[in-house]
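As stored in target_33.pdb (PDB, C-alpha atoms and all ligand atoms):
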ATOM      1  CA  THR D 116      85.468 116.337 102.233  1.00  0.00           C
ATOM      2  CA  ARG D 117      85.221 112.611 102.835  1.00  0.00           C
ATOM      3  CA  VAL D 118      88.572 110.927 102.242  1.00  0.00           C
ATOM      4  CA  VAL D 119      89.572 107.255 102.074  1.00  0.00           C
ATOM      5  CA  VAL D 120      93.320 106.596 102.379  1.00  0.00           C
ATOM      6  CA  LEU D 121      94.919 103.459 100.907  1.00  0.00           C
ATOM      7  CA  ILE D 122      98.208 102.241 102.369  1.00  0.00           C
ATOM      8  CA  SER D 123     100.577  99.266 102.249  1.00  0.00           C
ATOM      9  CA  GLY D 124     103.062 100.081 104.973  1.00  0.00           C
ATOM     10  CA  SER D 125     104.344 102.551 107.515  1.00  0.00           C
ATOM     11  CA  GLY D 126     101.792 105.243 106.755  1.00  0.00           C
ATOM     12  CA  SER D 127     103.878 108.314 107.535  1.00  0.00           C
ATOM     13  CA  ASN D 128     101.993 110.221 104.827  1.00  0.00           C
ATOM     14  CA  LEU D 129      98.731 109.025 106.354  1.00  0.00           C
ATOM     15  CA  GLN D 130     100.001 110.392 109.674  1.00  0.00           C
ATOM     16  CA  ALA D 131     100.697 113.801 108.113  1.00  0.00           C
ATOM     17  CA  LEU D 132      97.066 113.887 106.927  1.00  0.00           C
ATOM     18  CA  ILE D 133      95.737 112.756 110.314  1.00  0.00           C
ATOM     19  CA  ASP D 134      97.832 115.446 112.035  1.00  0.00           C
ATOM     20  CA  GLY D 135      96.562 118.113 109.643  1.00  0.00           C
ATOM     21  CA  GLN D 136      92.966 117.060 110.207  1.00  0.00           C
ATOM     22  CA  GLN D 137      93.389 116.963 113.996  1.00  0.00           C
ATOM     23  CA  ARG D 138      95.010 120.419 114.072  1.00  0.00           C
ATOM     24  CA  GLY D 139      92.088 121.792 112.098  1.00  0.00           C
ATOM     25  CA  GLN D 140      94.343 122.690 109.175  1.00  0.00           C
ATOM     26  CA  LEU D 141      92.684 120.334 106.700  1.00  0.00           C
ATOM     27  CA  PRO D 142      88.979 120.513 105.839  1.00  0.00           C
ATOM     28  CA  ILE D 143      88.773 116.727 105.500  1.00  0.00           C
ATOM     29  CA  ASP D 144      87.237 113.781 107.236  1.00  0.00           C
ATOM     30  CA  ILE D 145      89.329 110.616 106.864  1.00  0.00           C
ATOM     31  CA  VAL D 146      86.462 108.138 106.895  1.00  0.00           C
ATOM     32  CA  ALA D 147      88.522 104.966 106.395  1.00  0.00           C
ATOM     33  CA  VAL D 148      92.010 103.570 105.922  1.00  0.00           C
ATOM     34  CA  ILE D 149      92.396 100.451 103.804  1.00  0.00           C
ATOM     35  CA  SER D 150      95.588  98.388 103.632  1.00  0.00           C
ATOM     36  CA  ASN D 151      96.385  95.539 101.260  1.00  0.00           C
ATOM     37  CA  ARG D 152      98.849  94.216 103.843  1.00  0.00           C
ATOM     38  CA  PRO D 153      97.889  92.998 107.308  1.00  0.00           C
ATOM     39  CA  ALA D 154      99.600  94.222 110.476  1.00  0.00           C
ATOM     40  CA  VAL D 155     101.375  97.248 109.045  1.00  0.00           C
ATOM     41  CA  ARG D 156     102.185 100.310 111.133  1.00  0.00           C
ATOM     42  CA  GLY D 157      99.783 102.503 109.164  1.00  0.00           C
ATOM     43  CA  LEU D 158      96.848 100.449 110.468  1.00  0.00           C
ATOM     44  CA  LEU D 159      97.933 101.234 114.041  1.00  0.00           C
ATOM     45  CA  ARG D 160      98.112 104.919 113.201  1.00  0.00           C
ATOM     46  CA  ALA D 161      94.508 104.742 111.941  1.00  0.00           C
ATOM     47  CA  GLU D 162      93.376 102.894 115.061  1.00  0.00           C
ATOM     48  CA  HIS D 163      95.059 105.424 117.350  1.00  0.00           C
ATOM     49  CA  ALA D 164      93.228 108.199 115.524  1.00  0.00           C
ATOM     50  CA  GLY D 165      89.911 106.365 115.818  1.00  0.00           C
ATOM     51  CA  ILE D 166      89.587 105.885 112.061  1.00  0.00           C
ATOM     52  CA  PRO D 167      87.962 102.687 110.733  1.00  0.00           C
ATOM     53  CA  ALA D 168      90.754 100.506 109.342  1.00  0.00           C
ATOM     54  CA  GLU D 169      90.277  97.614 106.956  1.00  0.00           C
ATOM     55  CA  VAL D 170      92.605  95.006 105.503  1.00  0.00           C
ATOM     56  CA  LEU D 171      92.007  93.713 102.005  1.00  0.00           C
ATOM     57  CA  ASP D 172      94.788  91.176 101.501  1.00  0.00           C
ATOM     58  CA  HIS D 173      95.553  91.024  97.778  1.00  0.00           C
ATOM     59  CA  THR D 174      97.117  87.557  98.126  1.00  0.00           C
ATOM     60  CA  ARG D 175      93.640  86.177  98.828  1.00  0.00           C
ATOM     61  CA  TYR D 176      92.366  87.123  95.369  1.00  0.00           C
ATOM     62  CA  ASP D 177      92.832  85.103  92.170  1.00  0.00           C
ATOM     63  CA  SER D 178      93.399  88.054  89.910  1.00  0.00           C
ATOM     64  CA  ARG D 179      94.136  91.751  89.847  1.00  0.00           C
ATOM     65  CA  GLU D 180      90.589  92.326  88.542  1.00  0.00           C
ATOM     66  CA  ALA D 181      89.021  90.417  91.454  1.00  0.00           C
ATOM     67  CA  PHE D 182      91.084  92.363  93.978  1.00  0.00           C
ATOM     68  CA  ASP D 183      90.288  95.725  92.385  1.00  0.00           C
ATOM     69  CA  THR D 184      86.571  94.924  92.293  1.00  0.00           C
ATOM     70  CA  ALA D 185      86.592  94.088  96.005  1.00  0.00           C
ATOM     71  CA  LEU D 186      88.693  97.157  96.753  1.00  0.00           C
ATOM     72  CA  GLN D 187      86.309  99.411  94.843  1.00  0.00           C
ATOM     73  CA  GLU D 188      83.350  97.997  96.792  1.00  0.00           C
ATOM     74  CA  CYS D 189      85.169  98.505 100.062  1.00  0.00           C
ATOM     75  CA  ILE D 190      86.093 102.096  99.196  1.00  0.00           C
ATOM     76  CA  ASP D 191      82.683 103.081  97.820  1.00  0.00           C
ATOM     77  CA  HIS D 192      80.971 101.783 100.940  1.00  0.00           C
ATOM     78  CA  TYR D 193      82.485 104.879 102.629  1.00  0.00           C
ATOM     79  CA  ARG D 194      81.270 107.266  99.873  1.00  0.00           C
ATOM     80  CA  PRO D 195      84.527 109.233  99.613  1.00  0.00           C
ATOM     81  CA  GLU D 196      84.893 112.379  97.543  1.00  0.00           C
ATOM     82  CA  LEU D 197      88.636 111.804  97.390  1.00  0.00           C
ATOM     83  CA  VAL D 198      90.765 108.649  97.453  1.00  0.00           C
ATOM     84  CA  VAL D 199      94.365 109.151  98.597  1.00  0.00           C
ATOM     85  CA  LEU D 200      97.029 106.583  97.742  1.00  0.00           C
ATOM     86  CA  ALA D 201      99.672 106.922 100.448  1.00  0.00           C
ATOM     87  CA  GLY D 202     102.375 104.346  99.864  1.00  0.00           C
ATOM     88  CA  PHE D 203      99.855 101.957  98.324  1.00  0.00           C
ATOM     89  CA  MET D 204     102.080  99.515  96.464  1.00  0.00           C
ATOM     90  CA  ARG D 205      99.669  97.893  94.012  1.00  0.00           C
ATOM     91  CA  ILE D 206      99.294  98.374  90.276  1.00  0.00           C
ATOM     92  CA  LEU D 207      95.663  99.249  89.578  1.00  0.00           C
ATOM     93  CA  THR D 208      93.486  98.110  86.650  1.00  0.00           C
ATOM     94  CA  PRO D 209      92.196 100.704  84.140  1.00  0.00           C
ATOM     95  CA  THR D 210      88.598  99.960  85.168  1.00  0.00           C
ATOM     96  CA  PHE D 211      89.495 100.898  88.725  1.00  0.00           C
ATOM     97  CA  THR D 212      91.463 104.046  87.880  1.00  0.00           C
ATOM     98  CA  ARG D 213      88.730 105.228  85.479  1.00  0.00           C
ATOM     99  CA  HIS D 214      86.121 104.866  88.229  1.00  0.00           C
ATOM    100  CA  TYR D 215      88.055 107.330  90.428  1.00  0.00           C
ATOM    101  CA  GLU D 216      89.449 109.593  87.714  1.00  0.00           C
ATOM    102  CA  GLY D 217      89.699 113.163  88.937  1.00  0.00           C
ATOM    103  CA  ARG D 218      89.176 112.124  92.553  1.00  0.00           C
ATOM    104  CA  MET D 219      92.184 109.936  93.287  1.00  0.00           C
ATOM    105  CA  LEU D 220      95.659 111.252  94.184  1.00  0.00           C
ATOM    106  CA  ASN D 221      98.987 109.436  94.509  1.00  0.00           C
ATOM    107  CA  ILE D 222     102.376 110.506  95.815  1.00  0.00           C
ATOM    108  CA  HIS D 223     105.467 109.361  93.956  1.00  0.00           C
ATOM    109  CA  PRO D 224     109.017 109.916  95.220  1.00  0.00           C
ATOM    110  CA  SER D 225     110.545 111.527  92.132  1.00  0.00           C
ATOM    111  CA  LEU D 226     110.229 114.629  90.006  1.00  0.00           C
ATOM    112  CA  LEU D 227     107.821 113.047  87.538  1.00  0.00           C
ATOM    113  CA  PRO D 228     107.971 112.390  84.627  1.00  0.00           C
ATOM    114  CA  LYS D 229     111.462 111.326  85.715  1.00  0.00           C
ATOM    115  CA  TYR D 230     111.884 107.966  87.460  1.00  0.00           C
ATOM    116  CA  GLN D 231     108.493 106.351  87.266  1.00  0.00           C
ATOM    117  CA  GLY D 232     108.347 102.972  89.029  1.00  0.00           C
ATOM    118  CA  LEU D 233     110.485 101.678  91.871  1.00  0.00           C
ATOM    119  CA  HIS D 234     113.899 102.473  93.451  1.00  0.00           C
ATOM    120  CA  THR D 235     113.645 106.138  92.494  1.00  0.00           C
ATOM    121  CA  HIS D 236     116.219 107.418  94.998  1.00  0.00           C
ATOM    122  CA  GLN D 237     118.953 104.983  93.938  1.00  0.00           C
ATOM    123  CA  ARG D 238     118.231 105.661  90.271  1.00  0.00           C
ATOM    124  CA  ALA D 239     118.490 109.430  90.797  1.00  0.00           C
ATOM    125  CA  LEU D 240     121.836 108.902  92.578  1.00  0.00           C
ATOM    126  CA  ASP D 241     123.116 106.552  89.865  1.00  0.00           C
ATOM    127  CA  ALA D 242     122.238 109.135  87.225  1.00  0.00           C
ATOM    128  CA  GLY D 243     124.266 111.781  89.058  1.00  0.00           C
ATOM    129  CA  GLU D 244     121.294 114.110  89.528  1.00  0.00           C
ATOM    130  CA  SER D 245     121.944 117.289  91.492  1.00  0.00           C
ATOM    131  CA  GLU D 246     118.315 117.522  92.524  1.00  0.00           C
ATOM    132  CA  HIS D 247     115.508 115.097  93.209  1.00  0.00           C
ATOM    133  CA  GLY D 248     112.064 115.338  94.750  1.00  0.00           C
ATOM    134  CA  VAL D 249     108.497 114.182  95.005  1.00  0.00           C
ATOM    135  CA  THR D 250     105.274 114.581  93.050  1.00  0.00           C
ATOM    136  CA  VAL D 251     101.601 114.452  93.989  1.00  0.00           C
ATOM    137  CA  HIS D 252      99.593 113.561  90.900  1.00  0.00           C
ATOM    138  CA  PHE D 253      96.109 112.584  89.850  1.00  0.00           C
ATOM    139  CA  VAL D 254      95.864 108.874  89.122  1.00  0.00           C
ATOM    140  CA  THR D 255      95.090 107.697  85.606  1.00  0.00           C
ATOM    141  CA  ALA D 256      95.451 104.289  83.960  1.00  0.00           C
ATOM    142  CA  GLU D 257      99.085 105.071  83.188  1.00  0.00           C
ATOM    143  CA  LEU D 258     101.264 103.997  86.136  1.00  0.00           C
ATOM    144  CA  ASP D 259     102.886 107.100  87.690  1.00  0.00           C
ATOM    145  CA  GLY D 260     101.785 108.893  84.512  1.00  0.00           C
ATOM    146  CA  GLY D 261      98.777 110.953  85.615  1.00  0.00           C
ATOM    147  CA  PRO D 262      98.897 114.751  85.610  1.00  0.00           C
ATOM    148  CA  PRO D 263     101.232 116.216  88.274  1.00  0.00           C
ATOM    149  CA  ALA D 264      99.525 118.538  90.763  1.00  0.00           C
ATOM    150  CA  VAL D 265     102.251 119.555  93.255  1.00  0.00           C
ATOM    151  CA  GLN D 266     106.009 118.927  93.335  1.00  0.00           C
ATOM    152  CA  ALA D 267     108.762 119.601  95.855  1.00  0.00           C
ATOM    153  CA  ARG D 268     112.476 119.598  95.048  1.00  0.00           C
ATOM    154  CA  VAL D 269     115.376 118.647  97.283  1.00  0.00           C
ATOM    155  CA  PRO D 270     119.117 118.849  96.623  1.00  0.00           C
ATOM    156  CA  VAL D 271     121.222 115.723  96.218  1.00  0.00           C
ATOM    157  CA  LEU D 272     124.143 116.263  98.619  1.00  0.00           C
ATOM    158  CA  PRO D 273     127.678 114.862  98.555  1.00  0.00           C
ATOM    159  CA  GLY D 274     127.797 111.576 100.449  1.00  0.00           C
ATOM    160  CA  ASP D 275     124.087 110.867  99.987  1.00  0.00           C
ATOM    161  CA  ASP D 276     122.939 107.291  99.776  1.00  0.00           C
ATOM    162  CA  ALA D 277     119.435 106.098  98.908  1.00  0.00           C
ATOM    163  CA  GLU D 278     118.455 106.178 102.577  1.00  0.00           C
ATOM    164  CA  SER D 279     119.567 109.739 103.335  1.00  0.00           C
ATOM    165  CA  LEU D 280     118.047 110.987 100.088  1.00  0.00           C
ATOM    166  CA  ALA D 281     114.762 109.166 100.806  1.00  0.00           C
ATOM    167  CA  ALA D 282     114.588 110.788 104.240  1.00  0.00           C
ATOM    168  CA  ARG D 283     115.068 114.260 102.728  1.00  0.00           C
ATOM    169  CA  VAL D 284     112.356 113.533 100.149  1.00  0.00           C
ATOM    170  CA  GLN D 285     109.983 112.088 102.768  1.00  0.00           C
ATOM    171  CA  SER D 286     110.084 115.228 104.890  1.00  0.00           C
ATOM    172  CA  GLN D 287     108.828 117.089 101.809  1.00  0.00           C
ATOM    173  CA  GLU D 288     106.177 114.422 101.146  1.00  0.00           C
ATOM    174  CA  HIS D 289     104.677 115.247 104.519  1.00  0.00           C
ATOM    175  CA  VAL D 290     104.423 118.900 103.476  1.00  0.00           C
ATOM    176  CA  ILE D 291     103.070 118.663  99.947  1.00  0.00           C
ATOM    177  CA  TYR D 292     100.596 115.792 100.359  1.00  0.00           C
ATOM    178  CA  PRO D 293      98.529 117.606 103.005  1.00  0.00           C
ATOM    179  CA  LEU D 294      98.791 120.747 100.863  1.00  0.00           C
ATOM    180  CA  ALA D 295      97.488 119.007  97.732  1.00  0.00           C
ATOM    181  CA  VAL D 296      94.678 117.379  99.712  1.00  0.00           C
ATOM    182  CA  LYS D 297      93.799 120.750 101.246  1.00  0.00           C
ATOM    183  CA  TRP D 298      93.637 122.414  97.837  1.00  0.00           C
ATOM    184  CA  PHE D 299      91.500 119.580  96.473  1.00  0.00           C
ATOM    185  CA  ALA D 300      89.135 119.805  99.454  1.00  0.00           C
ATOM    186  CA  GLU D 301      88.848 123.567  98.985  1.00  0.00           C
ATOM    187  CA  GLY D 302      87.942 123.066  95.334  1.00  0.00           C
ATOM    188  CA  ARG D 303      91.108 124.812  94.193  1.00  0.00           C
ATOM    189  CA  LEU D 304      92.777 121.732  92.690  1.00  0.00           C
ATOM    190  CA  ARG D 305      91.015 119.633  90.117  1.00  0.00           C
ATOM    191  CA  MET D 306      91.607 117.511  87.061  1.00  0.00           C
ATOM    192  CA  GLU D 307      90.165 118.721  83.792  1.00  0.00           C
ATOM    193  CA  SER D 308      90.779 117.393  80.263  1.00  0.00           C
ATOM    194  CA  GLY D 309      93.670 115.282  81.531  1.00  0.00           C
ATOM    195  CA  ARG D 310      95.400 118.179  83.297  1.00  0.00           C
ATOM    196  CA  ALA D 311      95.727 119.259  86.891  1.00  0.00           C
ATOM    197  CA  LEU D 312      94.383 122.779  87.372  1.00  0.00           C
ATOM    198  CA  LEU D 313      95.240 124.898  90.398  1.00  0.00           C
ATOM    199  CA  ASN D 314      93.184 127.988  91.120  1.00  0.00           C
ATOM    200  CA  ASN D 315      95.273 130.338  93.193  1.00  0.00           C
ATOM    201  CA  GLU D 316      92.487 132.675  94.220  1.00  0.00           C
ATOM    202  CA  PRO D 317      91.853 132.616  97.973  1.00  0.00           C
TER     203      PRO D 317
HETATM  204  C1  LIG D 401     106.603 107.143 100.197  1.00  0.00           C
HETATM  205  O1  LIG D 401     107.965 107.316  99.995  1.00  0.00           O
HETATM  206  C2  LIG D 401     105.858 107.353  98.932  1.00  0.00           C
HETATM  207  O2  LIG D 401     106.402 108.345  98.124  1.00  0.00           O
HETATM  208  C3  LIG D 401     106.011 106.017  98.285  1.00  0.00           C
HETATM  209  O3  LIG D 401     105.841 105.114  99.346  1.00  0.00           O
HETATM  210  C4  LIG D 401     106.266 105.719 100.556  1.00  0.00           C
HETATM  211  C5  LIG D 401     105.182 105.641 101.558  1.00  0.00           C
HETATM  212  O4  LIG D 401     105.610 105.971 102.835  1.00  0.00           O
HETATM  213  N1  LIG D 401     105.096 105.840  97.189  1.00  0.00           N
HETATM  214  P1  LIG D 401     104.578 105.973 104.034  1.00  0.00           P
HETATM  215  O5  LIG D 401     103.888 104.612 104.081  1.00  0.00           O
HETATM  216  O6  LIG D 401     103.589 107.085 103.807  1.00  0.00           O
HETATM  217  O7  LIG D 401     105.406 106.192 105.245  1.00  0.00           O
END
Is it possible to express this structure as structure tokens?
Amino acid sequence: TRVVVLISGSGSNLQALIDGQQRGQLPIDIVAVISNRPAVRGLLRAEHAGIPAEVLDHTRYDSREAFDTALQECIDHYRPELVVLAGFMRILTPTFTRHYEGRMLNIHPSLLPKYQGLHTHQRALDAGESEHGVTVHFVTAELDGGPPAVQARVPVLPGDDAESLAARVQSQEHVIYPLAVKWFAEGRLRMESGRALLNNEP
């Protein structure tokens, strides 16, 4: 399965996918990594793994539409079967999300539908939650609103701050994102009629 990964930063989720591919645990070929920010650590991770890395700097485009059009061209050049948003911090236009519907995944650090948007860890702490977590979901036009595919839960512990909670959530991100990508690549996870369907047969 040909995969293009979009990033904006450190790329630890990208690294989890690279590691899975290199260990032969993921039936994927990461054919490109595209970042909307120059000089981020994720680009180095791609380079070290020998994966073509591209920068598409959103600040060089006049509008969201112009950026998304260029991004779509850049992605489609690599003919991916799956597009993986891994810490890609851009709101996407409906035209763009529709183009990839059913073949684009995102990871969001909350138990969706709770805490869509930013600062999820602090908001979960402020609300006094006893548990928190992370969701892999198919991307639709609704920001953080597409159908959830895989979730992992973590406890909120006494003395937690946003940083310690984020670290606990991130370690689960690196487990469930490769898993969701694996299931998609195996044809076991798909989006149908606006829902994520998981076929548990081997
Ligand atoms: C993750 O916490 C992800 O849930 C959020 O952005 C972060 C990306 O981290 N959307 P990384 O770039 O994969 O290290």
Which residues are near ligand LIG 401 (chain D) in this structure, taking near to mean any atom at most 6 Å from a ligand atom and counting only C-alpha atoms and all ligand atoms? Format them as a PDB file with C-alpha atoms, in the frame of the given file.
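Below you can see out12.pdb, which holds the result:
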ATOM      1  CA  GLY D 124     103.062 100.081 104.973  1.00  0.00           C
ATOM      2  CA  SER D 125     104.344 102.551 107.515  1.00  0.00           C
ATOM      3  CA  GLY D 126     101.792 105.243 106.755  1.00  0.00           C
ATOM      4  CA  SER D 127     103.878 108.314 107.535  1.00  0.00           C
ATOM      5  CA  ASN D 128     101.993 110.221 104.827  1.00  0.00           C
ATOM      6  CA  LEU D 129      98.731 109.025 106.354  1.00  0.00           C
ATOM      7  CA  ALA D 201      99.672 106.922 100.448  1.00  0.00           C
ATOM      8  CA  GLY D 202     102.375 104.346  99.864  1.00  0.00           C
ATOM      9  CA  ILE D 222     102.376 110.506  95.815  1.00  0.00           C
ATOM     10  CA  HIS D 223     105.467 109.361  93.956  1.00  0.00           C
ATOM     11  CA  PRO D 224     109.017 109.916  95.220  1.00  0.00           C
ATOM     12  CA  GLN D 285     109.983 112.088 102.768  1.00  0.00           C
TER      13      GLN D 285
END
message = So that I can check the surroundings of Gly309 of chain D, please list as a ChimeraX atom specification every protein, DNA and RNA residue that reaches within 12 Å of it, counting all atoms listed in the file and ignoring chain neighbours fewer than 6 positions away.
response = /D:213,216-217,252-257,260-264
inquiry  = If we count all atoms listed in the file and set the cut-off at 12 Å, which residues sit around Glu288 of chain D, ignoring sequence neighbours fewer than 4 positions away in its own chain? Please answer as a ChimeraX atom specification.
reply    = /D:126-132,201-202,221-226,248-251,265-269,281-284,292-296
query = Where does the PyMOL selection byres (((chain D and resi 159-176) around 10) and not hetatm) land in this file, that is, which residues does it pick, as a count of residues only?
reply = 40
Using all atoms listed in the file, which residues sit within 7 Å of Leu313 of chain D once same-chain residues fewer than 2 positions away are excluded, as an mmCIF file with C-alpha atoms, keeping the file's coordinate frame?
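result.cif written:
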data_model
loop_
_atom_site.group_PDB
_atom_site.id
_atom_site.type_symbol
_atom_site.label_atom_id
_atom_site.label_comp_id
_atom_site.auth_asym_id
_atom_site.auth_seq_id
_atom_site.Cartn_x
_atom_site.Cartn_y
_atom_site.Cartn_z
ATOM 1 C CA ARG D 303 91.108 124.812 94.193
ATOM 2 C CA LEU D 304 92.777 121.732 92.690
ATOM 3 C CA ARG D 305 91.015 119.633 90.117
ATOM 4 C CA ALA D 311 95.727 119.259 86.891
ATOM 5 C CA ASN D 315 95.273 130.338 93.193
#
ask   = Rounded to one decimal in Å, what is the spacing between atom CA of Asp191 of chain D and atom CA of Met219 of chain D?
value =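 Result for atom CA of Asp191 of chain D versus atom CA of Met219 of chain D: 12.6 Å, one decimal.
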inquiry  = One decimal, in Å: what's the spacing between atom CA of Glu244 of chain D and atom CA of Pro228 of chain D?
reply    = 14.3 Å
